[in-house]
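Student: final29.pdb (PDB, C-alpha atoms) pasted underneath:
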MODEL        1
ATOM      1  CA  MET A   1      83.209  80.319  -9.143
ATOM      2  CA  LYS A   2      84.118  81.588  -5.655
ATOM      3  CA  ALA A   3      80.457  82.381  -4.963
ATOM      4  CA  VAL A   4      79.448  78.796  -5.808
ATOM      5  CA  ILE A   5      82.132  77.332  -3.527
ATOM      6  CA  ILE A   6      81.080  79.654  -0.706
ATOM      7  CA  ARG A   7      77.410  78.653  -1.129
ATOM      8  CA  ILE A   8      78.290  74.953  -1.132
ATOM      9  CA  THR A   9      80.470  75.395   1.968
ATOM     10  CA  ILE A  10      77.697  77.245   3.831
ATOM     11  CA  PHE A  11      75.113  74.628   2.798
ATOM     12  CA  ALA A  12      77.390  71.776   3.961
ATOM     13  CA  ALA A  13      78.007  73.540   7.272
ATOM     14  CA  LEU A  14      74.268  73.964   7.828
ATOM     15  CA  LEU A  15      73.639  70.300   7.094
ATOM     16  CA  SER A  16      76.402  69.132   9.428
ATOM     17  CA  GLY A  17      74.869  71.176  12.246
ATOM     18  CA  CYS A  18      71.567  69.373  11.797
ATOM     19  CA  VAL A  19      70.901  66.998  14.679
ATOM     20  CA  SER A  20      68.203  64.374  14.464
ATOM     21  CA  HIS A  21      66.068  63.987  17.551
ATOM     22  CA  ASP A  22      64.859  60.556  16.426
ATOM     23  CA  GLY A  23      65.986  57.562  18.449
ATOM     24  CA  THR A  24      65.483  55.980  21.849
ATOM     25  CA  TYR A  25      65.899  58.065  24.986
ATOM     26  CA  ALA A  26      66.791  55.996  28.049
ATOM     27  CA  PRO A  27      67.963  56.885  31.576
ATOM     28  CA  SER A  28      71.452  58.380  31.534
ATOM     29  CA  CYS A  29      72.325  56.555  34.749
ATOM     30  CA  ILE A  30      71.867  53.057  36.124
ATOM     31  CA  ALA A  31      68.120  52.827  36.700
ATOM     32  CA  TYR A  32      66.095  49.971  38.138
ATOM     33  CA  ALA A  33      62.825  51.635  37.199
ATOM     34  CA  GLY A  34      61.942  54.326  34.740
ATOM     35  CA  SER A  35      60.951  55.054  31.171
ATOM     36  CA  THR A  36      62.287  54.867  27.666
ATOM     37  CA  ILE A  37      60.834  57.014  24.907
ATOM     38  CA  THR A  38      61.450  56.329  21.240
ATOM     39  CA  LEU A  39      60.874  59.148  18.762
ATOM     40  CA  ALA A  40      60.817  58.216  15.081
ATOM     41  CA  ASP A  41      59.220  59.791  12.032
ATOM     42  CA  GLY A  42      56.711  61.819  14.037
ATOM     43  CA  GLN A  43      55.643  58.807  16.125
ATOM     44  CA  PHE A  44      56.550  57.961  19.711
ATOM     45  CA  VAL A  45      56.542  54.863  21.908
ATOM     46  CA  TRP A  46      56.776  55.438  25.669
ATOM     47  CA  GLU A  47      57.634  52.345  27.680
ATOM     48  CA  LYS A  48      58.050  51.941  31.432
ATOM     49  CA  PHE A  49      60.238  49.366  33.160
ATOM     50  CA  THR A  50      61.194  48.109  36.583
ATOM     51  CA  ASP A  51      63.294  45.289  37.963
ATOM     52  CA  GLU A  52      60.641  44.659  40.617
ATOM     53  CA  VAL A  53      58.272  41.762  39.994
ATOM     54  CA  VAL A  54      54.894  41.929  41.720
ATOM     55  CA  VAL A  55      52.885  38.740  42.059
ATOM     56  CA  ASN A  56      49.233  38.635  43.093
ATOM     57  CA  ASP A  57      47.595  36.110  45.455
ATOM     58  CA  ASP A  58      47.138  33.475  42.746
ATOM     59  CA  GLY A  59      50.808  33.686  41.698
ATOM     60  CA  SER A  60      50.285  35.663  38.495
ATOM     61  CA  VAL A  61      52.665  38.482  37.639
ATOM     62  CA  VAL A  62      50.937  41.867  37.914
ATOM     63  CA  ASN A  63      51.218  44.341  35.064
ATOM     64  CA  GLN A  64      52.585  47.356  36.947
ATOM     65  CA  PHE A  65      52.152  49.718  34.019
ATOM     66  CA  PRO A  66      48.698  49.283  32.506
ATOM     67  CA  GLY A  67      48.295  51.358  29.385
ATOM     68  CA  TYR A  68      51.987  51.111  28.489
ATOM     69  CA  PRO A  69      53.615  51.095  26.077
ATOM     70  CA  LEU A  70      51.917  54.370  25.203
ATOM     71  CA  ARG A  71      51.933  55.207  21.505
ATOM     72  CA  GLY A  72      51.064  58.251  19.469
ATOM     73  CA  LYS A  73      52.416  61.100  17.422
ATOM     74  CA  TYR A  74      54.673  63.975  18.346
ATOM     75  CA  ARG A  75      55.872  67.259  16.968
ATOM     76  CA  ILE A  76      58.688  69.555  18.003
ATOM     77  CA  ASP A  77      58.151  73.258  18.598
ATOM     78  CA  GLY A  78      61.525  74.812  19.432
ATOM     79  CA  GLN A  79      62.740  72.762  22.415
ATOM     80  CA  THR A  80      59.259  71.532  23.298
ATOM     81  CA  VAL A  81      58.133  68.032  22.335
ATOM     82  CA  LEU A  82      54.352  67.910  22.108
ATOM     83  CA  MET A  83      52.918  64.390  22.263
ATOM     84  CA  GLU A  84      49.426  63.119  21.570
ATOM     85  CA  SER A  85      48.310  59.540  22.216
ATOM     86  CA  VAL A  86      46.726  57.394  19.524
ATOM     87  CA  GLU A  87      43.391  58.184  21.200
ATOM     88  CA  GLY A  88      44.071  61.904  20.678
ATOM     89  CA  GLU A  89      44.829  62.722  24.327
ATOM     90  CA  SER A  90      47.472  65.347  24.984
ATOM     91  CA  ILE A  91      50.404  64.072  27.050
ATOM     92  CA  ASP A  92      52.714  66.089  29.308
ATOM     93  CA  LYS A  93      55.220  68.119  27.312
ATOM     94  CA  MET A  94      58.846  67.064  27.245
ATOM     95  CA  TYR A  95      61.810  69.278  26.410
ATOM     96  CA  LEU A  96      64.842  68.665  24.235
ATOM     97  CA  HIS A  97      68.139  69.733  25.738
ATOM     98  CA  ARG A  98      71.628  69.399  24.293
ATOM     99  CA  HIS A  99      74.618  69.333  26.634
ATOM    100  CA  ASP A 100      78.184  68.064  26.062
ATOM    101  CA  ASN A 101      77.228  66.919  22.541
ATOM    102  CA  LYS A 102      74.493  64.667  23.930
ATOM    103  CA  SER A 103      70.742  64.987  23.452
ATOM    104  CA  TYR A 104      68.406  64.729  26.426
ATOM    105  CA  LEU A 105      64.652  64.613  26.858
ATOM    106  CA  TYR A 106      63.678  66.510  30.020
ATOM    107  CA  THR A 107      60.452  66.351  31.988
ATOM    108  CA  PRO A 108      58.849  69.724  32.764
ATOM    109  CA  GLN A 109      60.365  69.603  36.284
ATOM    110  CA  GLN A 110      63.854  68.813  34.960
ATOM    111  CA  PHE A 111      63.582  71.565  32.358
ATOM    112  CA  GLU A 112      62.446  74.102  34.976
ATOM    113  CA  HIS A 113      65.367  73.064  37.210
ATOM    114  CA  TRP A 114      67.809  73.568  34.336
ATOM    115  CA  GLN A 115      66.301  76.971  33.491
ATOM    116  CA  SER A 116      66.491  78.202  37.085
ATOM    117  CA  THR A 117      69.903  76.752  38.052
ATOM    118  CA  GLY A 118      71.740  76.030  34.798
ATOM    119  CA  GLU A 119      72.459  72.512  36.130
ATOM    120  CA  SER A 120      71.804  69.477  33.965
ATOM    121  CA  ALA A 121      69.185  67.066  35.260
ATOM    122  CA  LYS A 122      70.474  63.947  36.968
ATOM    123  CA  CYS A 123      69.526  60.682  35.255
ATOM    124  CA  ALA A 124      67.543  62.427  32.519
ATOM    125  CA  LEU A 125      66.520  60.468  29.447
ATOM    126  CA  MET A 126      69.422  60.586  26.996
ATOM    127  CA  LEU A 127      69.485  59.666  23.324
ATOM    128  CA  ASP A 128      71.191  56.269  23.101
ATOM    129  CA  ALA A 129      74.549  56.299  21.332
ATOM    130  CA  GLY A 130      73.308  53.504  19.059
ATOM    131  CA  SER A 131      70.247  55.496  17.996
ATOM    132  CA  ASP A 132      69.946  57.518  14.802
ATOM    133  CA  ASP A 133      71.604  60.749  15.967
ATOM    134  CA  GLY A 134      72.846  62.810  13.179
TER
ENDMDL
END
Turn the structure described in the file into structure tokens.
Tutor:
Amino acid sequence: MKAVIIRITIFAALLSGCVSHDGTYAPSCIAYAGSTITLADGQFVWEKFTDEVVVNDDGSVVNQFPGYPLRGKYRIDGQTVLMESVEGESIDKMYLHRHDNKSYLYTPQQFEHWQSTGESAKCALMLDAGSDDG
């Protein structure tokens, strides 16, 4: 009986330590331009935003981010998030980082900075509190 209780306790502890990486990652600071990346069920959507409105000579609003939102599939290998567009093009790697019980998605430069200094990246993409994290 004790062995069964111990197994159940260990299994429950392992499950509680499981953190989902699915959800929307948005700037962890006030940002007037940037990206949001949503990871869900092996698929991603990468959107860009800005508060700046550009108008061309005829008064039409210019699409500042042609090709976005970018969509495709992703997989996680350790801390590395490998993304591939719908067209099959490989996209820059991103890196998962957990700090102060929050999940972040680092660019290669942010990840390299963290590895070399131990400092968290400023305004990195952070998993929204309202996202599926758990």
Student: Using all atoms listed in the file, can you tell me which of A:Ser103, A:Ser90, A:Gln43, A:Thr80 comes closest to Ala26 in chain A?
Tutor: A:Ser103
Student: Of the candidates A:Tyr106, A:Val62, A:Phe111, A:Arg98, which one gets nearest to Ala124 in chain A if we count all atoms listed in the file?
Tutor: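 Closest residue, counting all atoms listed in the file: A:Tyr106.
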Student: May I ask which of the residues A:Gly72, A:Tyr104, A:Thr24, A:Ser35 is the closest one to Gly88 in chain A, counting all atoms listed in the file?
Tutor: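 When distances to Gly88 in chain A are compared using all atoms listed in the file, the smallest one comes from A:Gly72.
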Student: Give the answer as one residue: which of A:Ser60, A:Thr38, A:Gln109, A:Ser116 has the shortest atom-to-atom distance to Lys73 in chain A, using only C-alpha atoms?
Tutor: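 Under the stated criterion, the closest residue is A:Thr38.
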Student: Select all residues near (49.1, 61.7, 22.5) (cut-off 10 Å, inclusive, file coordinates), counting all atoms listed in the file, and output them as JSON, numbers by chain.
Tutor: {"A": [43, 44, 70, 71, 72, 73, 74, 82, 83, 84, 85, 86, 87, 88, 89, 90, 91, 92]}
Student: Using all atoms listed in the file, pick whichever of A:Val45, A:Cys123, A:Ala40, A:Leu96 has the shortest atom-to-atom distance to Asp22 in chain A.
Tutor: A:Ala40
Student: Which value, in Å to one decimal, gives the distance between CA of Gln64 in chain A and CA of Lys48 in chain A?
Tutor: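 Taking CA of Gln64 in chain A as the start and CA of Lys48 in chain A as the end point, the length is 9.0 Å.
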Student: Out of A:Val81, A:Ala121, A:Met94, A:Ala33, which residue has the shortest atom-to-atom distance to Asp51 in chain A when counting all atoms listed in the file?
Tutor: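 Among the listed residues, A:Ala33 lies closest to Asp51 in chain A.
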Student: Work out how far CA of Cys29 in chain A is from CA of Leu127 in chain A, in Å to one decimal.
Tutor: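 Going from CA of Leu127 in chain A over to CA of Cys29 in chain A covers 12.2 Å.
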Student: For the atom pair CA of Tyr25 in chain A and CA of Ile37 in chain A, what is the interatomic distance in Å to one decimal place?
Tutor: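 It comes out at 5.2 Å.
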Student: Hey, could you patch up range 73-102 of chain A with N, CA and C atoms and hand it over as a PDB file, keeping the file's coordinate frame?
Tutor:
ATOM      1  N   LYS A  73      51.619  60.260  18.320  1.00  0.00           N
ATOM      2  CA  LYS A  73      52.416  61.100  17.422  1.00  0.00           C
ATOM      3  C   LYS A  73      52.989  62.265  18.217  1.00  0.00           C
ATOM      4  N   TYR A  74      54.058  62.827  17.690  1.00  0.00           N
ATOM      5  CA  TYR A  74      54.673  63.975  18.346  1.00  0.00           C
ATOM      6  C   TYR A  74      55.095  64.991  17.305  1.00  0.00           C
ATOM      7  N   ARG A  75      55.276  66.216  17.796  1.00  0.00           N
ATOM      8  CA  ARG A  75      55.872  67.259  16.968  1.00  0.00           C
ATOM      9  C   ARG A  75      56.761  68.098  17.867  1.00  0.00           C
ATOM     10  N   ILE A  76      57.732  68.741  17.253  1.00  0.00           N
ATOM     11  CA  ILE A  76      58.688  69.555  18.003  1.00  0.00           C
ATOM     12  C   ILE A  76      58.446  71.018  17.675  1.00  0.00           C
ATOM     13  N   ASP A  77      58.322  71.814  18.727  1.00  0.00           N
ATOM     14  CA  ASP A  77      58.151  73.258  18.598  1.00  0.00           C
ATOM     15  C   ASP A  77      59.267  73.913  19.403  1.00  0.00           C
ATOM     16  N   GLY A  78      60.350  74.293  18.733  1.00  0.00           N
ATOM     17  CA  GLY A  78      61.525  74.812  19.432  1.00  0.00           C
ATOM     18  C   GLY A  78      62.165  73.683  20.223  1.00  0.00           C
ATOM     19  N   GLN A  79      62.220  73.821  21.552  1.00  0.00           N
ATOM     20  CA  GLN A  79      62.740  72.762  22.415  1.00  0.00           C
ATOM     21  C   GLN A  79      61.633  71.875  22.960  1.00  0.00           C
ATOM     22  N   THR A  80      60.394  72.241  22.719  1.00  0.00           N
ATOM     23  CA  THR A  80      59.259  71.532  23.298  1.00  0.00           C
ATOM     24  C   THR A  80      58.830  70.373  22.417  1.00  0.00           C
ATOM     25  N   VAL A  81      58.656  69.204  23.031  1.00  0.00           N
ATOM     26  CA  VAL A  81      58.133  68.032  22.335  1.00  0.00           C
ATOM     27  C   VAL A  81      56.688  67.873  22.780  1.00  0.00           C
ATOM     28  N   LEU A  82      55.781  68.028  21.833  1.00  0.00           N
ATOM     29  CA  LEU A  82      54.352  67.910  22.108  1.00  0.00           C
ATOM     30  C   LEU A  82      53.891  66.539  21.648  1.00  0.00           C
ATOM     31  N   MET A  83      53.334  65.761  22.577  1.00  0.00           N
ATOM     32  CA  MET A  83      52.918  64.390  22.263  1.00  0.00           C
ATOM     33  C   MET A  83      51.410  64.247  22.404  1.00  0.00           C
ATOM     34  N   GLU A  84      50.849  63.415  21.550  1.00  0.00           N
ATOM     35  CA  GLU A  84      49.426  63.119  21.570  1.00  0.00           C
ATOM     36  C   GLU A  84      49.270  61.612  21.396  1.00  0.00           C
ATOM     37  N   SER A  85      48.499  60.993  22.283  1.00  0.00           N
ATOM     38  CA  SER A  85      48.310  59.540  22.216  1.00  0.00           C
ATOM     39  C   SER A  85      47.501  59.170  20.978  1.00  0.00           C
ATOM     40  N   VAL A  86      47.489  57.895  20.658  1.00  0.00           N
ATOM     41  CA  VAL A  86      46.726  57.394  19.524  1.00  0.00           C
ATOM     42  C   VAL A  86      45.260  57.786  19.675  1.00  0.00           C
ATOM     43  N   GLU A  87      44.776  57.820  20.922  1.00  0.00           N
ATOM     44  CA  GLU A  87      43.391  58.184  21.200  1.00  0.00           C
ATOM     45  C   GLU A  87      43.148  59.686  21.078  1.00  0.00           C
ATOM     46  N   GLY A  88      44.206  60.463  20.840  1.00  0.00           N
ATOM     47  CA  GLY A  88      44.071  61.904  20.678  1.00  0.00           C
ATOM     48  C   GLY A  88      44.227  62.694  21.964  1.00  0.00           C
ATOM     49  N   GLU A  89      44.639  62.028  23.048  1.00  0.00           N
ATOM     50  CA  GLU A  89      44.829  62.722  24.327  1.00  0.00           C
ATOM     51  C   GLU A  89      46.199  63.386  24.361  1.00  0.00           C
ATOM     52  N   SER A  90      46.216  64.627  24.832  1.00  0.00           N
ATOM     53  CA  SER A  90      47.472  65.347  24.984  1.00  0.00           C
ATOM     54  C   SER A  90      48.242  64.773  26.166  1.00  0.00           C
ATOM     55  N   ILE A  91      49.545  64.632  26.013  1.00  0.00           N
ATOM     56  CA  ILE A  91      50.404  64.072  27.050  1.00  0.00           C
ATOM     57  C   ILE A  91      51.341  65.175  27.514  1.00  0.00           C
ATOM     58  N   ASP A  92      51.790  65.087  28.775  1.00  0.00           N
ATOM     59  CA  ASP A  92      52.714  66.089  29.308  1.00  0.00           C
ATOM     60  C   ASP A  92      53.801  66.417  28.297  1.00  0.00           C
ATOM     61  N   LYS A  93      54.139  67.694  28.202  1.00  0.00           N
ATOM     62  CA  LYS A  93      55.220  68.119  27.312  1.00  0.00           C
ATOM     63  C   LYS A  93      56.543  67.575  27.830  1.00  0.00           C
ATOM     64  N   MET A  94      57.461  67.380  26.924  1.00  0.00           N
ATOM     65  CA  MET A  94      58.846  67.064  27.245  1.00  0.00           C
ATOM     66  C   MET A  94      59.684  68.136  26.555  1.00  0.00           C
ATOM     67  N   TYR A  95      60.949  68.233  26.953  1.00  0.00           N
ATOM     68  CA  TYR A  95      61.810  69.278  26.410  1.00  0.00           C
ATOM     69  C   TYR A  95      63.134  68.694  25.959  1.00  0.00           C
ATOM     70  N   LEU A  96      63.544  69.079  24.752  1.00  0.00           N
ATOM     71  CA  LEU A  96      64.842  68.665  24.235  1.00  0.00           C
ATOM     72  C   LEU A  96      65.913  69.577  24.811  1.00  0.00           C
ATOM     73  N   HIS A  97      67.015  68.975  25.192  1.00  0.00           N
ATOM     74  CA  HIS A  97      68.139  69.733  25.738  1.00  0.00           C
ATOM     75  C   HIS A  97      69.419  69.088  25.231  1.00  0.00           C
ATOM     76  N   ARG A  98      70.343  69.905  24.793  1.00  0.00           N
ATOM     77  CA  ARG A  98      71.628  69.399  24.293  1.00  0.00           C
ATOM     78  C   ARG A  98      72.719  69.905  25.220  1.00  0.00           C
ATOM     79  N   HIS A  99      73.549  68.987  25.705  1.00  0.00           N
ATOM     80  CA  HIS A  99      74.618  69.333  26.634  1.00  0.00           C
ATOM     81  C   HIS A  99      75.778  68.371  26.400  1.00  0.00           C
ATOM     82  N   ASP A 100      76.989  68.888  26.301  1.00  0.00           N
ATOM     83  CA  ASP A 100      78.184  68.064  26.062  1.00  0.00           C
ATOM     84  C   ASP A 100      78.015  67.144  24.862  1.00  0.00           C
ATOM     85  N   ASN A 101      77.452  67.669  23.790  1.00  0.00           N
ATOM     86  CA  ASN A 101      77.228  66.919  22.541  1.00  0.00           C
ATOM     87  C   ASN A 101      76.323  65.710  22.718  1.00  0.00           C
ATOM     88  N   LYS A 102      75.460  65.742  23.711  1.00  0.00           N
ATOM     89  CA  LYS A 102      74.493  64.667  23.930  1.00  0.00           C
ATOM     90  C   LYS A 102      73.101  65.271  23.960  1.00  0.00           C
TER      91      LYS A 102
END
